[in-house]
Structure formats: structure tokens, C-alpha cells
file my_file.pdb (PDB, C-alpha atoms and all ligand atoms)
ATOM      1  CA  MET E  13     108.977 113.999  99.187
ATOM      2  CA  GLY E  14     106.049 116.421  99.223
ATOM      3  CA  ASN E  15     103.251 115.591 101.653
ATOM      4  CA  ASP E  16     100.918 114.313  98.943
ATOM      5  CA  GLU E  17     103.522 111.913  97.553
ATOM      6  CA  ARG E  18     104.293 110.349 100.899
ATOM      7  CA  ARG E  19     103.678 106.646 101.187
ATOM      8  CA  VAL E  20     101.049 105.858 103.785
ATOM      9  CA  ALA E  21     101.954 103.544 106.683
ATOM     10  CA  VAL E  22      99.309 102.273 109.097
ATOM     11  CA  VAL E  23     100.666 101.223 112.499
ATOM     12  CA  THR E  24      98.332  99.516 114.973
ATOM     13  CA  GLY E  25      98.974  99.739 118.692
ATOM     14  CA  ALA E  26     100.786 103.032 118.096
ATOM     15  CA  SER E  27      99.700 104.752 121.325
ATOM     16  CA  ARG E  28     102.649 103.389 123.329
ATOM     17  CA  GLY E  29     105.448 100.835 123.536
ATOM     18  CA  ILE E  30     106.745  99.164 120.408
ATOM     19  CA  GLY E  31     104.017 100.590 118.148
ATOM     20  CA  LEU E  32     104.804 104.165 119.166
ATOM     21  CA  ALA E  33     108.508 103.594 118.466
ATOM     22  CA  ILE E  34     107.619 102.126 115.041
ATOM     23  CA  ALA E  35     105.361 105.101 114.248
ATOM     24  CA  ARG E  36     108.103 107.585 115.219
ATOM     25  CA  GLN E  37     110.660 105.733 113.091
ATOM     26  CA  LEU E  38     108.427 105.430 110.000
ATOM     27  CA  ALA E  39     107.559 109.137 110.257
ATOM     28  CA  GLU E  40     111.280 109.869 110.361
ATOM     29  CA  ASP E  41     111.685 107.640 107.295
ATOM     30  CA  GLY E  42     109.256 109.924 105.420
ATOM     31  CA  PHE E  43     105.990 107.997 105.605
ATOM     32  CA  HIS E  44     102.602 109.564 106.324
ATOM     33  CA  VAL E  45     101.881 107.536 109.449
ATOM     34  CA  VAL E  46      98.380 106.550 110.552
ATOM     35  CA  LEU E  47      98.410 105.882 114.298
ATOM     36  CA  VAL E  48      95.829 103.351 115.494
ATOM     37  CA  ALA E  49      94.802 102.288 119.021
ATOM     38  CA  ARG E  50      91.809 102.702 121.359
ATOM     39  CA  ASP E  51      93.113 105.523 123.573
ATOM     40  CA  GLU E  52      92.364 108.678 121.600
ATOM     41  CA  ALA E  53      94.182 111.045 123.979
ATOM     42  CA  LYS E  54      97.412 109.025 123.782
ATOM     43  CA  LEU E  55      97.148 108.874 119.990
ATOM     44  CA  GLN E  56      96.718 112.649 119.816
ATOM     45  CA  SER E  57      99.772 113.259 121.955
ATOM     46  CA  ALA E  58     101.842 110.782 119.890
ATOM     47  CA  GLN E  59     100.692 112.539 116.721
ATOM     48  CA  ALA E  60     101.588 115.961 118.158
ATOM     49  CA  GLU E  61     105.038 114.712 119.145
ATOM     50  CA  ILE E  62     105.695 113.294 115.648
ATOM     51  CA  GLU E  63     104.478 116.509 114.013
ATOM     52  CA  SER E  64     106.652 118.633 116.303
ATOM     53  CA  LYS E  65     109.669 116.805 114.824
ATOM     54  CA  GLY E  66     108.548 117.507 111.251
ATOM     55  CA  GLY E  67     106.813 114.179 110.652
ATOM     56  CA  VAL E  68     103.385 113.687 109.093
ATOM     57  CA  ALA E  69     100.866 111.697 111.113
ATOM     58  CA  GLU E  70      97.185 111.264 111.801
ATOM     59  CA  SER E  71      95.292 109.366 114.505
ATOM     60  CA  ARG E  72      92.422 106.926 114.134
ATOM     61  CA  ALA E  73      90.876 105.415 117.242
ATOM     62  CA  CYS E  74      89.718 101.846 116.671
ATOM     63  CA  ASP E  75      89.000  98.804 118.793
ATOM     64  CA  LEU E  76      90.630  96.048 116.796
ATOM     65  CA  SER E  77      88.691  93.317 118.584
ATOM     66  CA  ASN E  78      85.782  94.207 116.278
ATOM     67  CA  SER E  79      86.397  92.889 112.734
ATOM     68  CA  ALA E  80      83.920  95.284 111.108
ATOM     69  CA  ASP E  81      85.760  98.234 112.695
ATOM     70  CA  VAL E  82      89.112  96.923 111.429
ATOM     71  CA  GLU E  83      87.709  96.687 107.912
ATOM     72  CA  SER E  84      86.247 100.234 108.119
ATOM     73  CA  LEU E  85      89.544 101.541 109.486
ATOM     74  CA  ILE E  86      91.505 100.391 106.432
ATOM     75  CA  GLU E  87      88.726 101.430 104.021
ATOM     76  CA  GLY E  88      88.689 104.875 105.660
ATOM     77  CA  VAL E  89      92.443 105.309 105.239
ATOM     78  CA  VAL E  90      92.282 104.272 101.579
ATOM     79  CA  SER E  91      89.308 106.486 100.838
ATOM     80  CA  ASP E  92      90.804 109.549 102.599
ATOM     81  CA  ARG E  93      94.436 109.160 101.531
ATOM     82  CA  GLY E  94      93.934 107.257  98.283
ATOM     83  CA  ARG E  95      96.455 104.588  99.242
ATOM     84  CA  ILE E  96      97.942 102.290 101.835
ATOM     85  CA  ASP E  97     101.542 101.277 101.260
ATOM     86  CA  VAL E  98     102.733  99.830 104.560
ATOM     87  CA  LEU E  99     100.666  97.921 107.109
ATOM     88  CA  VAL E 100     102.256  97.190 110.480
ATOM     89  CA  ASN E 101     100.037  94.940 112.589
ATOM     90  CA  ASN E 102     101.594  95.541 115.985
ATOM     91  CA  ALA E 103      98.706  95.825 118.487
ATOM     92  CA  GLY E 104      98.616  92.917 120.882
ATOM     93  CA  ILE E 105      97.273  91.861 124.250
ATOM     94  CA  ASN E 106      97.826  88.998 126.648
ATOM     95  CA  ARG E 107      95.528  87.176 129.076
ATOM     96  CA  ASP E 108      97.926  84.669 130.581
ATOM     97  CA  GLY E 109      96.966  81.503 132.426
ATOM     98  CA  LEU E 110      97.904  77.846 132.453
ATOM     99  CA  ILE E 111      95.852  75.729 130.053
ATOM    100  CA  LEU E 112      93.747  74.066 132.775
ATOM    101  CA  ARG E 113      92.565  77.476 133.975
ATOM    102  CA  MET E 114      92.329  79.346 130.675
ATOM    103  CA  SER E 115      88.743  80.310 129.859
ATOM    104  CA  ASP E 116      87.267  80.273 126.360
ATOM    105  CA  GLU E 117      86.854  84.032 126.717
ATOM    106  CA  ASP E 118      90.554  84.597 127.452
ATOM    107  CA  PHE E 119      91.458  82.440 124.474
ATOM    108  CA  HIS E 120      89.056  84.179 122.084
ATOM    109  CA  ASP E 121      89.853  87.732 123.308
ATOM    110  CA  VAL E 122      93.546  87.237 122.578
ATOM    111  CA  LEU E 123      92.880  85.579 119.223
ATOM    112  CA  ALA E 124      90.534  88.433 118.215
ATOM    113  CA  VAL E 125      93.104  91.207 118.668
ATOM    114  CA  ASN E 126      96.323  89.293 118.011
ATOM    115  CA  LEU E 127      95.268  87.215 114.994
ATOM    116  CA  THR E 128      91.785  87.903 113.564
ATOM    117  CA  ALA E 129      92.408  91.663 113.383
ATOM    118  CA  VAL E 130      95.714  90.991 111.622
ATOM    119  CA  PHE E 131      93.956  88.811 109.040
ATOM    120  CA  VAL E 132      91.174  91.374 108.454
ATOM    121  CA  ALA E 133      93.608  94.299 108.128
ATOM    122  CA  CYS E 134      95.786  92.327 105.682
ATOM    123  CA  ARG E 135      92.765  91.300 103.603
ATOM    124  CA  ALA E 136      91.444  94.875 103.465
ATOM    125  CA  SER E 137      94.893  96.263 102.537
ATOM    126  CA  ALA E 138      95.754  93.693  99.859
ATOM    127  CA  ARG E 139      93.620  95.125  97.041
ATOM    128  CA  PRO E 140      94.713  98.771  97.420
ATOM    129  CA  MET E 141      98.348  97.630  97.680
ATOM    130  CA  MET E 142      97.870  95.515  94.535
ATOM    131  CA  ARG E 143      96.496  98.585  92.732
ATOM    132  CA  GLY E 144      99.680 100.475  93.649
ATOM    133  CA  ARG E 145     101.796  97.412  92.729
ATOM    134  CA  TRP E 146     103.823  98.050  95.875
ATOM    135  CA  GLY E 147     103.243  97.105  99.464
ATOM    136  CA  ARG E 148     104.868  96.084 102.704
ATOM    137  CA  ILE E 149     103.004  93.992 105.248
ATOM    138  CA  ILE E 150     104.882  93.664 108.537
ATOM    139  CA  ASN E 151     103.279  91.634 111.287
ATOM    140  CA  ILE E 152     104.575  91.659 114.844
ATOM    141  CA  SER E 153     104.678  88.172 116.317
ATOM    142  CA  SER E 154     106.815  87.081 119.281
ATOM    143  CA  VAL E 155     109.437  84.518 120.177
ATOM    144  CA  THR E 156     106.506  82.878 122.000
ATOM    145  CA  GLY E 157     105.040  82.149 118.555
ATOM    146  CA  LEU E 158     108.233  80.266 117.694
ATOM    147  CA  ILE E 159     108.889  78.285 120.862
ATOM    148  CA  GLY E 160     105.735  78.560 123.045
ATOM    149  CA  ASN E 161     105.665  79.713 126.668
ATOM    150  CA  PRO E 162     103.964  78.226 129.730
ATOM    151  CA  GLY E 163     100.842  80.240 130.593
ATOM    152  CA  GLN E 164     100.474  81.680 127.107
ATOM    153  CA  ALA E 165      98.590  79.069 125.047
ATOM    154  CA  ASN E 166      96.269  81.752 123.636
ATOM    155  CA  TYR E 167      99.071  84.243 122.918
ATOM    156  CA  ALA E 168     101.352  81.550 121.428
ATOM    157  CA  ALA E 169      98.548  80.236 119.191
ATOM    158  CA  ALA E 170      97.906  83.743 117.854
ATOM    159  CA  LYS E 171     101.589  84.591 117.421
ATOM    160  CA  SER E 172     102.309  81.291 115.588
ATOM    161  CA  GLY E 173      99.205  81.908 113.499
ATOM    162  CA  ILE E 174     100.621  85.250 112.410
ATOM    163  CA  ILE E 175     103.668  83.468 111.001
ATOM    164  CA  GLY E 176     101.617  81.028 108.866
ATOM    165  CA  LEU E 177      99.352  83.858 107.730
ATOM    166  CA  THR E 178     102.291  86.053 106.717
ATOM    167  CA  LYS E 179     104.151  83.315 104.840
ATOM    168  CA  THR E 180     100.955  82.594 102.897
ATOM    169  CA  LEU E 181     100.515  86.285 102.050
ATOM    170  CA  ALA E 182     104.123  86.404 100.846
ATOM    171  CA  LYS E 183     103.305  83.602  98.391
ATOM    172  CA  GLU E 184      99.938  85.018  97.299
ATOM    173  CA  LEU E 185     100.955  88.658  96.902
ATOM    174  CA  GLY E 186     104.605  88.558  95.861
ATOM    175  CA  SER E 187     103.831  88.779  92.139
ATOM    176  CA  LYS E 188     102.027  92.083  92.817
ATOM    177  CA  GLY E 189     105.095  93.743  94.327
ATOM    178  CA  ILE E 190     103.936  93.214  97.907
ATOM    179  CA  THR E 191     106.217  91.732 100.540
ATOM    180  CA  ALA E 192     104.986  90.221 103.812
ATOM    181  CA  ASN E 193     107.295  89.600 106.743
ATOM    182  CA  VAL E 194     107.193  89.005 110.473
ATOM    183  CA  VAL E 195     109.210  90.605 113.242
ATOM    184  CA  ALA E 196     109.396  88.407 116.334
ATOM    185  CA  PRO E 197     110.536  90.371 119.399
ATOM    186  CA  GLY E 198     111.971  88.817 122.542
ATOM    187  CA  PHE E 199     111.756  90.669 125.884
ATOM    188  CA  ILE E 200     111.274  94.369 125.106
ATOM    189  CA  GLU E 201     110.820  96.988 127.833
ATOM    190  CA  THR E 202     107.216  98.252 127.507
ATOM    191  CA  ASP E 203     103.997  98.269 129.557
ATOM    192  CA  MET E 204     103.578  94.614 128.538
ATOM    193  CA  THR E 205     106.824  93.549 130.238
ATOM    194  CA  ASP E 206     106.271  96.034 133.118
ATOM    195  CA  ALA E 207     103.493  93.684 134.191
ATOM    196  CA  MET E 208     106.151  91.007 134.875
ATOM    197  CA  SER E 209     108.176  90.955 138.093
ATOM    198  CA  GLU E 210     111.607  92.656 138.156
ATOM    199  CA  GLU E 211     113.133  89.389 139.287
ATOM    200  CA  VAL E 212     111.736  87.344 136.388
ATOM    201  CA  LEU E 213     112.899  89.982 133.916
ATOM    202  CA  SER E 214     116.406  90.293 135.307
ATOM    203  CA  GLU E 215     116.768  86.489 135.410
ATOM    204  CA  ALA E 216     115.571  86.319 131.793
ATOM    205  CA  ALA E 217     118.032  89.035 130.773
ATOM    206  CA  LYS E 218     120.941  87.198 132.420
ATOM    207  CA  ARG E 219     120.254  84.125 130.263
ATOM    208  CA  LEU E 220     120.330  86.052 126.986
ATOM    209  CA  PRO E 221     123.507  86.142 124.875
ATOM    210  CA  LEU E 222     123.257  89.957 124.838
ATOM    211  CA  ARG E 223     122.548  90.010 128.634
ATOM    212  CA  ARG E 224     119.890  92.736 128.496
ATOM    213  CA  LEU E 225     116.258  93.422 127.604
ATOM    214  CA  GLY E 226     115.507  95.074 124.268
ATOM    215  CA  GLN E 227     114.186  98.568 123.645
ATOM    216  CA  PRO E 228     111.137  99.418 121.486
ATOM    217  CA  GLU E 229     113.407 101.389 119.130
ATOM    218  CA  GLU E 230     115.307  98.178 118.352
ATOM    219  CA  ILE E 231     112.101  96.627 116.981
ATOM    220  CA  ALA E 232     111.323  99.864 115.125
ATOM    221  CA  HIS E 233     114.659  99.667 113.257
ATOM    222  CA  ALA E 234     113.830  96.136 112.068
ATOM    223  CA  VAL E 235     110.409  97.313 110.852
ATOM    224  CA  SER E 236     111.980 100.335 109.174
ATOM    225  CA  TYR E 237     114.289  98.023 107.221
ATOM    226  CA  LEU E 238     111.451  95.720 106.130
ATOM    227  CA  ALA E 239     109.395  98.746 105.024
ATOM    228  CA  SER E 240     112.275 100.167 102.982
ATOM    229  CA  GLU E 241     112.994  99.931  99.253
ATOM    230  CA  GLY E 242     116.158  98.087 100.199
ATOM    231  CA  ALA E 243     114.162  95.156 101.593
ATOM    232  CA  GLY E 244     112.305  94.649  98.297
ATOM    233  CA  TYR E 245     113.695  91.112  97.796
ATOM    234  CA  VAL E 246     112.906  89.957 101.354
ATOM    235  CA  THR E 247     109.551  88.255 101.829
ATOM    236  CA  GLY E 248     108.005  85.482 103.907
ATOM    237  CA  GLN E 249     110.691  85.867 106.575
ATOM    238  CA  VAL E 250     110.643  85.936 110.349
ATOM    239  CA  LEU E 251     113.160  88.454 111.669
ATOM    240  CA  THR E 252     113.752  87.601 115.315
ATOM    241  CA  VAL E 253     114.914  90.572 117.403
ATOM    242  CA  ASP E 254     115.476  89.024 120.798
ATOM    243  CA  GLY E 255     119.038  89.511 122.054
ATOM    244  CA  GLY E 256     119.847  86.005 120.824
ATOM    245  CA  MET E 257     117.195  84.148 122.848
ATOM    246  CA  VAL E 258     116.212  81.883 119.949
ATOM    247  CA  CYS E 259     119.313  81.031 117.977
TER     248      CYS E 259
HETATM  249  P1  LIG E 301     101.849  97.451 124.924
HETATM  250  O1  LIG E 301     102.855  98.397 125.465
HETATM  251  O2  LIG E 301     100.937  96.732 125.849
HETATM  252  O3  LIG E 301     100.996  98.222 123.802
HETATM  253  C1  LIG E 301      99.949  97.548 123.130
HETATM  254  C2  LIG E 301      99.369  98.467 122.091
HETATM  255  O4  LIG E 301      98.263  97.788 121.454
HETATM  256  C3  LIG E 301      98.839  99.751 122.675
HETATM  257  O5  LIG E 301      99.064 100.812 121.769
HETATM  258  C4  LIG E 301      97.343  99.471 122.785
HETATM  259  O6  LIG E 301      96.632 100.692 122.729
HETATM  260  C5  LIG E 301      97.105  98.605 121.548
HETATM  261  N1  LIG E 301      95.909  97.778 121.676
HETATM  262  C6  LIG E 301      95.664  96.798 122.582
HETATM  263  N2  LIG E 301      94.439  96.300 122.415
HETATM  264  C7  LIG E 301      93.872  96.973 121.378
HETATM  265  C8  LIG E 301      92.611  96.922 120.725
HETATM  266  N3  LIG E 301      91.635  96.073 121.116
HETATM  267  N4  LIG E 301      92.371  97.768 119.712
HETATM  268  C9  LIG E 301      93.323  98.661 119.313
HETATM  269  N5  LIG E 301      94.536  98.744 119.879
HETATM  270  C10 LIG E 301      94.807  97.907 120.898
HETATM  271  O7  LIG E 301     102.559  96.297 124.060
HETATM  272  P2  LIG E 301     104.020  96.241 123.415
HETATM  273  O8  LIG E 301     104.913  95.593 124.395
HETATM  274  O9  LIG E 301     104.387  97.531 122.804
HETATM  275  O10 LIG E 301     103.757  95.140 122.283
HETATM  276  C11 LIG E 301     103.505  95.479 120.918
HETATM  277  C12 LIG E 301     103.467  94.173 120.116
HETATM  278  O11 LIG E 301     104.694  93.478 120.276
HETATM  279  C13 LIG E 301     102.367  93.207 120.576
HETATM  280  O12 LIG E 301     101.812  92.553 119.465
HETATM  281  C14 LIG E 301     103.112  92.229 121.439
HETATM  282  O13 LIG E 301     102.473  90.974 121.483
HETATM  283  C15 LIG E 301     104.444  92.161 120.711
HETATM  284  N6  LIG E 301     105.538  91.712 121.562
HETATM  285  C16 LIG E 301     105.938  92.423 122.643
HETATM  286  C17 LIG E 301     106.988  91.947 123.423
HETATM  287  C18 LIG E 301     107.503  92.681 124.627
HETATM  288  O14 LIG E 301     108.389  92.143 125.295
HETATM  289  N7  LIG E 301     107.033  93.865 124.929
HETATM  290  C19 LIG E 301     107.607  90.733 123.087
HETATM  291  C20 LIG E 301     107.167  90.039 121.976
HETATM  292  C21 LIG E 301     106.138  90.530 121.207
HETATM  293  P3  LIG E 301      95.256 100.993 123.512
HETATM  294  O15 LIG E 301      95.355 100.334 124.854
HETATM  295  O16 LIG E 301      95.207 102.481 123.530
HETATM  296  O17 LIG E 301      94.192 100.410 122.645
END

call {"tool": "encode", "arguments": {"input": "my_file.pdb", "output": "C-alpha cells", "more": "lines below"}}
Ligand code: NAP
result
Amino acid sequence: MGNDERRVAVVTGASRGIGLAIARQLAEDGFHVVLVARDEAKLQSAQAEIESKGGVAESRACDLSNSADVESLIEGVVSDRGRIDVLVNNAGINRDGLILRMSDEDFHDVLAVNLTAVFVACRASARPMMRGRWGRIINISSVTGLIGNPGQANYAAAKSGIIGLTKTLAKELGSKGITANVVAPGFIETDMTDAMSEEVLSEAAKRLPLRRLGQPEEIAHAVSYLASEGAGYVTGQVLTVDGGMVC
């Protein structure tokens, strides 16, 4: 594929962790990857690393907690590149606390980044994808969105919400050649899990059928599949990548 013919893939939360692994993988798959997060310096270094391996990437700093900025982000990509083919809503935060102590602010902050931004990005991407009669929406949820988790009412609400949103998009957009799927990771080694104690993580790993934590690259492979031509008949699905935690 020549540079101009490359399909454009937007990956949010691409400065580190799972999003960075997804961006690297999609660049390797031949997409022009748009890296999105707040930390401009980290985005630049991720972009440089992808380019040094022959990939095509660009960085766009954006705070996804602001809906107007999310809308402008997607509009900017479409106006500069003429297209958006793959949207990976990966950025996510947590503000954990048991329900009795969870503030409205902690609830709304998590919902803003983990669910509202996903909705706004999907809405803004739908029309340009429809014009191209091809699209792949891949939203990153969590096993917490499937089974809940003490201390994560806000995070679980957002991650379950992503599943209902995505299944609805699959039904609304399927006739336009657009698929919409969810990847639900289990425990994956990133900054997010680094915040948990070693002991909790190793206990959790021991209870998993595969007896280990997952790596960001293992989520990236699932996303790569869902973004591929080969996954063209797969839509409205939740692909759980969790070492067998929920099975
Ligand atoms: P991470 O290492 O904490 O990275 C989060 C990413 O999101 C960073 O790139 C961060 O970049 C970006 N981000 C956060 N807030 C943002 C905002 N307001 N605007 C723009 N970007 C923002 O997390 P991760 O572990 O890779 O998780 C990635 C996704 O997988 C999340 O949706 C998470 O819920 C989900 N997940 C993770 C696990 C796990 O075990 N790690 C399990 C299940 C699901 P900046 O800070 O530069 O903005």
C-alpha cells in the first residue's frame, strides 16, 4: 500500500500501555495510525518509534474528558486525511472507591473519559465511515464491565455501557459495511495494574486458568484481528482476552 492509500486508524490512549501496543500493531498491519492521548511528549516518542520501524503515524494531543475536543479531534482527522477507517476507543481511567465513599465527581470523571468520549468519537466517526462504506469500531471494555468489581462502580458502569453502546452500533451501522466490537481485557500488565499491590496481582494470576497476567501485545492482537478484512463478518461481539477469568 502506498502512504496515501493507507487506511486510517485512530487509537486513543496510545501514549502507553495497551493503546501503545495497539498502535504499534496496527502500524505494522499497514494502517496510518493516529495516536491520541494528553501527554504530547510521550505521543511524539511513540510516533518516532513506530516511524523508525517503517510505520506511518501521527500524534494528536487531546483531553478526551471534553466532548467538544473529542468531536474536533475526529473532524480534524477526517478533514486532514480525508477518511477514518478504524476507531479504537482504548483510553481509560479509574477512580476506585467503595460505593458509600464514591463522590459524584469520581463517578462523572470516569464516565466522561470511559464512556461519553467513546460515544462522541463513535458518533463523529460514523458518517465518514458510512461514506467509505467500510469501518471498524473497536471499543476497549473490561471484564469488570461483564461481572462488576468491588470498588469500581463508576468504572464498571462505564465498561458495561460500552458493551450496550457497541452492540447498538453494530445493529445501526452493519448495513453500511461498518462492524462494531468490544475487546474486554482481564488483568494486563500496564501502569493501570502497576497501581495494584504485587500480592493482589500474584494472587489474581494464580486463580486464572492460564496462571499469569496478560501483556498489552495480547490485546493488540485481538484488536488487529477485529480491524482486519478477515473479521468482516464479526460484529456486535465481546472478545474477552483475560487468561480464562470469565469463562
Ligand atoms: P494506562 O496504562 O493507564 O493508559 C491509559 C491511556 O489513556 C494513556 O495513554 C493515557 O494517556 C490515556 N488517557 C487517560 N485519560 C485520558 C484523557 N482524559 N484524554 C486522553 N487520553 C487519556 O491504561 P491501560 O492499562 O493501557 O488501559 C487501556 C484500556 O484498557 C483502558 O480503557 C482500560 O480501562 C482497559 N483495561 C485495562 C486493563 C488492565 O489490566 N490494564 C484491564 C481491563 C481493561 P495520557 O495520560 O497521556 O492522557

call {"tool": "atom_distance", "arguments": {"input": "my_file.pdb", "atom1": "CA of Glu61 in chain E", "atom2": "CA of Val89 in chain E"}}
result
21.0 Å

call {"tool": "residues_near_ligand", "arguments": {"input": "my_file.pdb", "ligand": "ligand LIG 301 (chain E)", "cutoff": "8 Å", "atoms": "only C-alpha atoms and all ligand atoms", "output": "PyMOL selection string"}}
result
chain E and resi 24-32+48-52+54-55+73-78+101-106+125-126+152-156+167+171+196-205+226+228

call {"tool": "residues_around", "arguments": {"input": "my_file.pdb", "residues": "Pro162 in chain E", "least_positions_apart": "4", "cutoff": "9 Å", "atoms": "only C-alpha atoms", "output": "short mmCIF file (atom, residue, chain, number, x, y, z; two decimals) with C-alpha atoms, in the frame of the given file"}}
result
data_model
loop_
_atom_site.label_atom_id
_atom_site.label_comp_id
_atom_site.auth_asym_id
_atom_site.auth_seq_id
_atom_site.Cartn_x
_atom_site.Cartn_y
_atom_site.Cartn_z
CA ASP E 108 97.93 84.67 130.58
CA GLY E 109 96.97 81.50 132.43
CA LEU E 110 97.90 77.85 132.45
CA ILE E 111 95.85 75.73 130.05
#

call {"tool": "atom_distance", "arguments": {"input": "my_file.pdb", "atom1": "CA of Arg148 in chain E", "atom2": "CA of Met257 in chain E"}}
result
26.5 Å

call {"tool": "resolve_selection", "arguments": {"input": "my_file.pdb", "expression": "the PyMOL selection byres (((chain E and resi 170) around 8) and not hetatm)", "output": "compact mmCIF listing (two decimals) with C-alpha atoms, in the frame of the given file"}}
result
# COMPACT_ATOMS: atom_id res chain seq x y z
CA VAL E 122 93.55 87.24 122.58
CA LEU E 123 92.88 85.58 119.22
CA ASN E 126 96.32 89.29 118.01
CA LEU E 127 95.27 87.22 114.99
CA GLY E 157 105.04 82.15 118.56
CA ASN E 166 96.27 81.75 123.64
CA TYR E 167 99.07 84.24 122.92
CA ALA E 168 101.35 81.55 121.43
CA ALA E 169 98.55 80.24 119.19
CA LYS E 171 101.59 84.59 117.42
CA SER E 172 102.31 81.29 115.59
CA GLY E 173 99.20 81.91 113.50
CA ILE E 174 100.62 85.25 112.41

call {"tool": "residues_around", "arguments": {"input": "my_file.pdb", "residues": "Glu70 in chain E", "least_positions_apart": "4", "cutoff": "7 Å", "atoms": "only C-alpha atoms", "output": "number ranges by chain"}}
result
E: 45-47, 59

call {"tool": "atom_distance", "arguments": {"input": "my_file.pdb", "atom1": "CA of Ile150 in chain E", "atom2": "CA of Val100 in chain E"}}
result
4.8 Å

call {"tool": "resolve_selection", "arguments": {"input": "my_file.pdb", "expression": "the PyMOL selection byres (((chain E and resi 239) around 8) and not hetatm)", "output": "mmCIF file with C-alpha atoms, keeping the file's coordinate frame"}}
result
data_model
loop_
_atom_site.group_PDB
_atom_site.id
_atom_site.type_symbol
_atom_site.label_atom_id
_atom_site.label_comp_id
_atom_site.auth_asym_id
_atom_site.auth_seq_id
_atom_site.Cartn_x
_atom_site.Cartn_y
_atom_site.Cartn_z
ATOM 1 C CA VAL E 98 102.733 99.830 104.560
ATOM 2 C CA ARG E 148 104.868 96.084 102.704
ATOM 3 C CA ILE E 149 103.004 93.992 105.248
ATOM 4 C CA ILE E 150 104.882 93.664 108.537
ATOM 5 C CA VAL E 235 110.409 97.313 110.852
ATOM 6 C CA SER E 236 111.980 100.335 109.174
ATOM 7 C CA TYR E 237 114.289 98.023 107.221
ATOM 8 C CA LEU E 238 111.451 95.720 106.130
ATOM 9 C CA SER E 240 112.275 100.167 102.982
ATOM 10 C CA GLU E 241 112.994 99.931 99.253
ATOM 11 C CA ALA E 243 114.162 95.156 101.593
#

call {"tool": "residues_around", "arguments": {"input": "my_file.pdb", "residues": "Ala192 in chain E", "least_positions_apart": "3", "cutoff": "9 Å", "atoms": "all atoms listed in the file", "output": "ChimeraX atom specification"}}
result
/E:147-151,178-183,185-186,238,246-249

call {"tool": "residues_around", "arguments": {"input": "my_file.pdb", "residues": "Cys259 in chain E", "least_positions_apart": "5", "cutoff": "12 Å", "atoms": "all atoms listed in the file", "output": "PDB file with C-alpha atoms, in the coordinates of the input"}}
result
ATOM      1  CA  VAL E 155     109.437  84.518 120.177  1.00  0.00           C
ATOM      2  CA  LEU E 158     108.233  80.266 117.694  1.00  0.00           C
ATOM      3  CA  ILE E 159     108.889  78.285 120.862  1.00  0.00           C
ATOM      4  CA  GLY E 198     111.971  88.817 122.542  1.00  0.00           C
ATOM      5  CA  LEU E 220     120.330  86.052 126.986  1.00  0.00           C
ATOM      6  CA  PRO E 221     123.507  86.142 124.875  1.00  0.00           C
ATOM      7  CA  LEU E 222     123.257  89.957 124.838  1.00  0.00           C
ATOM      8  CA  LEU E 251     113.160  88.454 111.669  1.00  0.00           C
ATOM      9  CA  THR E 252     113.752  87.601 115.315  1.00  0.00           C
ATOM     10  CA  VAL E 253     114.914  90.572 117.403  1.00  0.00           C
ATOM     11  CA  ASP E 254     115.476  89.024 120.798  1.00  0.00           C
TER      12      ASP E 254
END

call {"tool": "resolve_selection", "arguments": {"input": "my_file.pdb", "expression": "the PyMOL selection byres (((chain E and resi 95) around 10) and not hetatm)", "output": "list in words"}}
result
Arg18, Arg19, Val20, Ala21, Ile86, Glu87, Val89, Val90, Ser91, Asp92, Arg93, Gly94, Ile96, Asp97, Val98, Ser137, Pro140, Met141, Arg143 and Gly144 of chain E

call {"tool": "closest_residue", "arguments": {"input": "my_file.pdb", "among": "E:Val68, E:Val82, E:Leu177, E:Ile62", "to": "Glu17 in chain E", "atoms": "all atoms listed in the file"}}
result
E:Val68

call {"tool": "closest_residue", "arguments": {"input": "my_file.pdb", "among": "E:Ser79, E:Asn161, E:Ser209, E:Ser187", "to": "Phe131 in chain E", "atoms": "all atoms listed in the file"}}
result
E:Ser79

call {"tool": "closest_residue", "arguments": {"input": "my_file.pdb", "among": "E:Gly244, E:Ala80, E:Ile231, E:Arg224", "to": "Trp146 in chain E", "atoms": "all atoms listed in the file"}}
result
E:Gly244

call {"tool": "closest_residue", "arguments": {"input": "my_file.pdb", "among": "E:Arg223, E:Phe119, E:Leu99, E:Ser84", "to": "Gln164 in chain E", "atoms": "all atoms listed in the file"}}
result
E:Phe119

call {"tool": "closest_residue", "arguments": {"input": "my_file.pdb", "among": "E:Ala136, E:Ala124, E:Ile34, E:Val250", "to": "Gln227 in chain E", "atoms": "all atoms listed in the file"}}
result
E:Ile34
